[in-house]
Amino acid sequence: MTRKKLVVIGAGMASGRALEHLFDADPDGWDVTLFNAEPRGNYNRIMLSPVLSGEKSYEEIVTHDETWYADHGVTCRFGEKVTAIDRTARTVTGENGTVDYDKLLIATGSNPFMIPLPGHDLDGVIAYRDLEDTNRMIDASATQGARAVVIGGGLLGLEAAAGLRMRGMEVTVVHLMGHLMDRQLDPAAGYLLRKDLERRGIDVRVSSNSKEVVGEGGKVKALVLEDGTELPCDLLVMAVGIRPNTALAAEAGLAVGRGIHVDDQMITSDENILSVGECIEHDGAVFGLVAPLYDQAKVVAATLTGRDAAFTPKELSTKLKVTGCDLFSAGDFAEGEGREDIVYRDPARGIYKRLVIENDRLIGAVMYGDTADSNWFFGLIQSGEDISEMRETLIFGPAYQGGAASDPLSAVAALPRDAEICGCNGICKGTITDAIAGGATDLGAVRAQTKASASCGTCTGLVEQVLQVTLGDDFQVPAAQPICGCCDLTHEDVRRLIKGRELKSQDAVWQELGWKTRNGCHVCRPAVNFYLLADWPLEYRDDPQSRFVNERKHANIQKDGTFSVVPRMWGGITNAAELRAIADAADKYDVPTVKVTGGQRIDLLGVKGEDLPFIWADLNEAGLVSGHAYSKGLRTVKTCVGTDHCRFGTQDSTGLGIKLEQILWGAWTPHKVKLAVSGCPRNCAEATCKDVGIICVDSGYQVGVGGAAGMDVKETERLVDVASEAEAIEWTTAFIQLYRENAKYLDRPYKWVAKVGLDWVKETLASADERARLVAAFELSQSIYRKDPWADHAKQAERFQPLADLTLEAAE
């Protein structure tokens, strides 16, 4: 049988999905040649933002690798641009030659729109569209103190801004409209999103129009706004929209409007040429989200194999891929006659929900802060179901409706087969249930077969619910992940057995708990070392070689192989002598960067490895000890000036912060721990987003725990109110020791509290006897282990090994 020749121009997500469907339907019928201007094959472009932020690598978002193309006999012409299409001869000409076709699929995608501002062609002004753009942004963020401006407060712009901020850049977002994501959100949700981003350190300018880009030496220097405001920047990202890439189709004489015209079967004005993706126009509409592109891909495969199919645009939903920002938008939420709103607000928790109803049908939904029920609401929008019977409780989601929706599993069971479960990969419920019927009986197997939950992971819980309702009693609750490949035990199992069997050495753990390797590995050894140290301080001695490189060198390793040295400043307080010593060390050891940290200390960046023992000695001689900025332990205690200087101060916050730091410093903990003490509810020390945060009030001290201000942003939860400074210290010390004794290694306090429950923590610490025991246990550990690691610089010099000999990688 003669194989038909298919040429595909563009190796993007739409054409990649079309090829998957084609090979599934007709695995031996087509000889495929694939052109791509980029020097690579298909990858998940909507996951570029996690690559930018550092949460994923490029390799993790590749959807079709060399093996996949080879297995399907695809001739790959990557890095080669197509220069011409000859419709009469049915040939496609690339930079390296011509190939003929029976059918041609054009999937040229879109081009980013660059605002033609004066100076838009300066070096450092880029779009955010592909891996090259992402890598340029990552490179720009590597410069200390670099600043970025992002024009565009839509999905792509905000994901770019969040990623750059997580890379350490100072970031400003400039948006023309009055609130962010104005096409997807109403003003109220846009406001919450803005406040969330500002809490992450991103400066947001709405209702701002860009005027010109100014440069220096051919490189971007600043963006100037219409009102004259100048925003300095080393990188300017334009994320203001896309335009279908129709140039090649137009040159070939195909019908083109805003995009390449296609009919319901995705056929262009030439019956032998199909088109798919962001480059097409269907019934006057163009498309920029992945869900309709995947629907188009199914139709392309059906058309090529002679099956009946028609593309029908569906209602779309939007989610923002910024860690910690839970946002969902779907349908039509504009105000209009005959429409009514149902709104739920919980300002303290940052939750906002708005439903738009017309003629007893849900037509729009906007959710921020809590999007757990988004798929259920989206299903109601798509189905057009009459919601009059559940009108009074609709806003509270499926759990309040009774009948089939009375519990989440019943609601999942009631979803139709075409309900979308995984937005990143366009996977519907039917695809998942078919995979389950074919033998995929756990999350890993479903993920491998369908790609559901394989990208951003936000739909993992929903996929597991589909598994549960499909398999019924045969569904196995997913087992907790083992600590590493050396054993089958979880962190919790290992910790429980170390205590229960009184295992007091690493060798005992390897032997008694059935370790598959003789001495553990770089993953399990640091965890086991901590568990033994925390549980048996009298019997066990810390193993420095079972610590990460930062903790072994007592300094943070930098990407160029140099180190960062941070002296401790108790409660953020220093003096002239300490500052002189730091300045002298910076001069003596040619430290290139001296930075004030967010924790009220001074960071010496770029110290050479061979200089570490000597700079430690000099700082020690001046009375400075390690700030443990590298450790799984206490980092900082941030304070405001309190009653010493501030007219609003209610208590001596500085004094309390210093006492806490002097008590807690040097203690190893499951992860880093940061504290703060604010002298009044104005919260200048930002105590409400720390692992432990104390707010001073007229009546005493409010102790909060479990805050976070990194990849996740979380406010502390109130642990206790106490009247005296001594009580505040007692409760804080007891909480830290309870965390040391019970938490999984590398879980921050907020993650541990979420697992065990704040109620359990409160109940445990409410016992005066238990608090006394915990404080005593902490003091015992400190008496054995607390020492300044910089003091014995001679031994440190003897121990120093070249970086190439290190076997453990930094965890952070």
# chains A, B, ... in the order shown; residues from 1 in each chain; ligands from 1
>>> select_by_dssp(residues="region 653-804 of chain A", states="strand (DSSP E or B)", output="list in words")
Trp668, Val673, Lys674, Leu675, Ala676, Val677, Ser678, Val692, Gly693, Ile694, Ile695, Cys696, Val697, Gly700, Tyr701, Gln702, Val703, Gly704, Val705, Ala708, Ala709, Val713, Lys714, Glu717, Arg718, Leu719, Val720, Asp721 and Val722 of chain A
>>> residues_around(residues="Asp584 (chain A)", least_positions_apart="3", cutoff="12 Å", atoms="only C-alpha atoms", output="VMD selection string")
chain A and resid 577 to 581 587 to 591 594 604 615 618 to 619 622
>>> write_last_selection(atoms="N, CA, C and O atoms", output="mmCIF file, in the first residue's frame")
data_model
loop_
_atom_site.group_PDB
_atom_site.id
_atom_site.type_symbol
_atom_site.label_atom_id
_atom_site.label_comp_id
_atom_site.auth_asym_id
_atom_site.auth_seq_id
_atom_site.Cartn_x
_atom_site.Cartn_y
_atom_site.Cartn_z
ATOM 1 N N ALA A 577 31.173 49.383 64.694
ATOM 2 C CA ALA A 577 32.323 48.472 64.652
ATOM 3 C C ALA A 577 32.036 47.280 63.736
ATOM 4 O O ALA A 577 32.900 46.853 62.962
ATOM 5 N N GLU A 578 30.819 46.728 63.832
ATOM 6 C CA GLU A 578 30.469 45.611 62.965
ATOM 7 C C GLU A 578 30.449 46.041 61.506
ATOM 8 O O GLU A 578 30.920 45.309 60.623
ATOM 9 N N LEU A 579 29.907 47.212 61.237
ATOM 10 C CA LEU A 579 29.855 47.697 59.857
ATOM 11 C C LEU A 579 31.259 47.924 59.299
ATOM 12 O O LEU A 579 31.526 47.634 58.130
ATOM 13 N N ARG A 580 32.179 48.437 60.144
ATOM 14 C CA ARG A 580 33.565 48.615 59.692
ATOM 15 C C ARG A 580 34.202 47.270 59.368
ATOM 16 O O ARG A 580 34.929 47.125 58.380
ATOM 17 N N ALA A 581 33.927 46.276 60.219
ATOM 18 C CA ALA A 581 34.505 44.945 59.978
ATOM 19 C C ALA A 581 33.994 44.353 58.670
ATOM 20 O O ALA A 581 34.743 43.728 57.917
ATOM 21 N N ASP A 587 36.563 44.819 51.310
ATOM 22 C CA ASP A 587 37.735 45.352 50.612
ATOM 23 C C ASP A 587 38.849 44.313 50.525
ATOM 24 O O ASP A 587 39.447 44.102 49.460
ATOM 25 N N LYS A 588 39.120 43.659 51.640
ATOM 26 C CA LYS A 588 40.260 42.755 51.721
ATOM 27 C C LYS A 588 40.121 41.575 50.773
ATOM 28 O O LYS A 588 41.107 41.133 50.161
ATOM 29 N N TYR A 589 38.877 41.071 50.615
ATOM 30 C CA TYR A 589 38.674 39.869 49.812
ATOM 31 C C TYR A 589 37.990 40.169 48.474
ATOM 32 O O TYR A 589 37.457 39.272 47.830
ATOM 33 N N ASP A 590 38.038 41.434 48.073
ATOM 34 C CA ASP A 590 37.526 41.848 46.753
ATOM 35 C C ASP A 590 36.111 41.335 46.515
ATOM 36 O O ASP A 590 35.803 40.739 45.472
ATOM 37 N N VAL A 591 35.250 41.544 47.491
ATOM 38 C CA VAL A 591 33.863 41.097 47.371
ATOM 39 C C VAL A 591 33.150 42.007 46.367
ATOM 40 O O VAL A 591 33.072 43.216 46.582
ATOM 41 N N VAL A 594 27.855 43.845 47.724
ATOM 42 C CA VAL A 594 27.438 43.919 49.128
ATOM 43 C C VAL A 594 25.985 44.361 49.135
ATOM 44 O O VAL A 594 25.658 45.440 48.631
ATOM 45 N N LEU A 604 27.482 39.431 51.753
ATOM 46 C CA LEU A 604 28.698 39.589 50.969
ATOM 47 C C LEU A 604 28.672 38.536 49.866
ATOM 48 O O LEU A 604 28.874 37.345 50.119
ATOM 49 N N ILE A 615 37.949 34.905 55.579
ATOM 50 C CA ILE A 615 36.952 35.944 55.802
ATOM 51 C C ILE A 615 36.129 35.607 57.041
ATOM 52 O O ILE A 615 35.751 36.486 57.809
ATOM 53 N N ASP A 618 38.226 36.725 60.059
ATOM 54 C CA ASP A 618 38.209 38.170 60.253
ATOM 55 C C ASP A 618 36.883 38.632 60.841
ATOM 56 O O ASP A 618 36.837 39.484 61.740
ATOM 57 N N LEU A 619 35.770 38.074 60.346
ATOM 58 C CA LEU A 619 34.460 38.473 60.864
ATOM 59 C C LEU A 619 34.285 37.996 62.299
ATOM 60 O O LEU A 619 33.714 38.709 63.143
ATOM 61 N N ALA A 622 35.901 40.216 64.828
ATOM 62 C CA ALA A 622 35.121 41.434 65.096
ATOM 63 C C ALA A 622 33.858 41.145 65.909
ATOM 64 O O ALA A 622 33.057 42.048 66.150
#
>>> atom_distance(atom1="CA of Tyr739 (chain A)", atom2="CA of Glu55 (chain A)")
26.2 Å
